[in-house]
2 protein chains.
Amino acid sequence: MDCSNSCTSEQKLQVRKLEISDKGKGYLELLQQLTVCDSVSDKEFEKRFEEISSYGDDHLICVIEDDQSGKIIATGCMFIEKKFIRNCGKVGHIEDIVVDSEARGKQLGKKIIEFLTDHAHSMGCYKVILDCSIENKAFYEKCGYKQKEIQMAKYFN
Amino acid sequence: MDCSNSCTSEQKLQVRKLEISDKGKGYLELLQQLTVCDSVSDKEFEKRFEEISSYGDDHLICVIEDDQSGKIIATGCMFIEKKFIRNCGKVGHIEDIVVDSEARGKQLGKKIIEFLTDHAHSMGCYKVILDCSIENKAFYEKCGYKQKEIQMAKYFN
């Protein structure tokens with residue numbers, strides 16, 4: 001569904017950067033659909049928001065707000081890594097993509113990925129990378145991504 | 001080979017953070033063994049070094065210098081991502097691991113990974129992740145990493 005063509009006024013969506021007031025619009029509850037995110041106080045939220053904001057355009061959190069409900073219904077983030085390789089190149093890293101379970105099938109995930117990918121391009125990155133499960137591979141292929149390597153992880157807990 | 005036990009004085013190695021003088025010790029030539037990195041001027045190097053340094057402990061480049069030759073023979077880097085999920089958790093990302101082709105078989109890669117992983121742990125990260133080729137999976141398993149997801153990439157050039 002392309003909102004610019006087919007949405008009614010009741011379905012108006014804003015694609016924008018995270019704002020500090022989004023904690024009150026269900027942002028953390030949305031992240032809980034992705035993984036553990038259940039005990040962040042207002043103070044902790046503000047501190048982390050300011051830490052991330054201090055990176056400016058190098059760390060961007062994108063959200064989609066449903067204007068009717070006033071809720072955040074999709075999000076994703078990108079940080080930009082500065083390297084020496086590729087002649088002091090930059091790489092965009094996409095993380096923590098989630099679409100509200102009740103808002104799926106509307107291409108909101110694709111909108112988030114496009115917003116973040118365009119940001120990386122405008123910032124001069126030579127590539128964007130992300131890690132995902134095998135189950136989500138087809139979705140990212142539809143967004144123009146191709147499988148490249150494997151992800152390895154070490155957990156401390 | 002564990003240098004603390006078996007190296008002669010001629011093979012003394014320093015594991016440390018990147019210094020701005022390392023450009024003159026073959027740091028960029030070492031990165032060229034990984035990928036394109038062939039036209040970085042002193043000025044560009046200094047600018048990027050300062051950009052990365054401005055992140056403090058959140059972006060660490062580790063090198064191993066061979067004290068005998070005065071050359072950088074291994075390197076790797078880590079940046080720390082600040083999240084809202086996992087109750088405002090942090091994740092260490094490892095990138096750009098390379099060991100000089102003439103210095104392989106001495107566990108220098110393992111030393112770099114351990115240095116970076118220890119750094120992430122000390123910074124309070126709940127996990128460390130990295131992307132690698134299937135060919136390098138066994139190496140990272142020896143470092144305590146396990147395969148988790150797949151990496152997707154989009155190149156702009």
# chains A, B, ... in the order shown; residues from 1 in each chain; ligands from 1
>>> interface_residues(of="chain B", to="chain A", cutoff="6 Å", atoms="only C-alpha atoms", output="ChimeraX atom specification")
/B:36-37,40,85-87,126-133,145-156
>>> residues_around(residues="Glu19 (chain A)", least_positions_apart="2", cutoff="10 Å", atoms="only C-alpha atoms", output="ChimeraX atom specification")
/A:16-17,21-23,27,49,53,61-63
>>> atom_distance(atom1="CA of Lys12 (chain B)", atom2="CA of Asp118 (chain B)")
21.7 Å
>>> select_by_dssp(residues="chain A", states="strand (DSSP E)", output="VMD selection string")
chain A and resid 13 to 17 59 to 66 71 to 82 90 to 99 127 to 132 146 to 155
>>> write_last_selection(atoms="C-alpha atoms", output="tab-separated table (two decimals), in the first residue's frame")
chain	number	residue	atom	x	y	z
A	13	LEU	CA	1.27	8.22	8.37
A	14	GLN	CA	4.33	10.24	9.26
A	15	VAL	CA	7.77	8.84	8.45
A	16	ARG	CA	10.22	10.83	10.55
A	17	LYS	CA	13.07	10.78	13.05
A	59	HIS	CA	22.98	7.66	14.29
A	60	LEU	CA	19.44	7.96	13.02
A	61	ILE	CA	16.31	6.35	14.40
A	62	CYS	CA	13.37	6.36	12.01
A	63	VAL	CA	9.76	5.90	13.14
A	64	ILE	CA	6.37	5.79	11.49
A	65	GLU	CA	3.56	7.40	13.47
A	66	ASP	CA	-0.06	6.67	12.78
A	71	LYS	CA	1.04	5.55	18.07
A	72	ILE	CA	4.46	4.61	16.70
A	73	ILE	CA	3.78	1.59	14.52
A	74	ALA	CA	7.16	0.96	12.85
A	75	THR	CA	10.79	1.77	13.51
A	76	GLY	CA	14.36	1.03	12.51
A	77	CYS	CA	17.75	2.58	13.08
A	78	MET	CA	21.01	3.23	11.32
A	79	PHE	CA	24.44	4.22	12.48
A	80	ILE	CA	27.25	5.21	10.20
A	81	GLU	CA	30.67	3.71	10.69
A	82	LYS	CA	33.75	5.67	9.62
A	90	LYS	CA	31.70	5.03	5.41
A	91	VAL	CA	29.26	2.16	5.95
A	92	GLY	CA	25.64	2.34	7.08
A	93	HIS	CA	24.53	-0.32	9.56
A	94	ILE	CA	20.81	-1.03	9.88
A	95	GLU	CA	19.53	-2.41	13.19
A	96	ASP	CA	16.32	-3.10	15.11
A	97	ILE	CA	13.65	-3.07	12.42
A	98	VAL	CA	10.15	-3.74	13.73
A	99	VAL	CA	6.63	-3.20	12.47
A	127	LYS	CA	27.29	0.36	1.24
A	128	VAL	CA	24.65	-0.51	3.80
A	129	ILE	CA	24.67	-3.79	5.71
A	130	LEU	CA	22.36	-5.53	8.14
A	131	ASP	CA	21.95	-8.90	9.79
A	132	CYS	CA	18.71	-10.86	9.67
A	146	LYS	CA	21.61	-9.35	-1.29
A	147	GLN	CA	23.02	-12.00	1.01
A	148	LYS	CA	26.75	-11.53	1.43
A	149	GLU	CA	28.30	-13.09	4.53
A	150	ILE	CA	27.30	-14.75	7.79
A	151	GLN	CA	26.90	-13.20	11.21
A	152	MET	CA	28.80	-14.54	14.23
A	153	ALA	CA	27.88	-13.56	17.79
A	154	LYS	CA	29.18	-13.92	21.31
A	155	TYR	CA	26.84	-13.25	24.25
>>> atom_distance(atom1="CA of Lys142 (chain B)", atom2="CA of Lys111 (chain B)")
11.6 Å
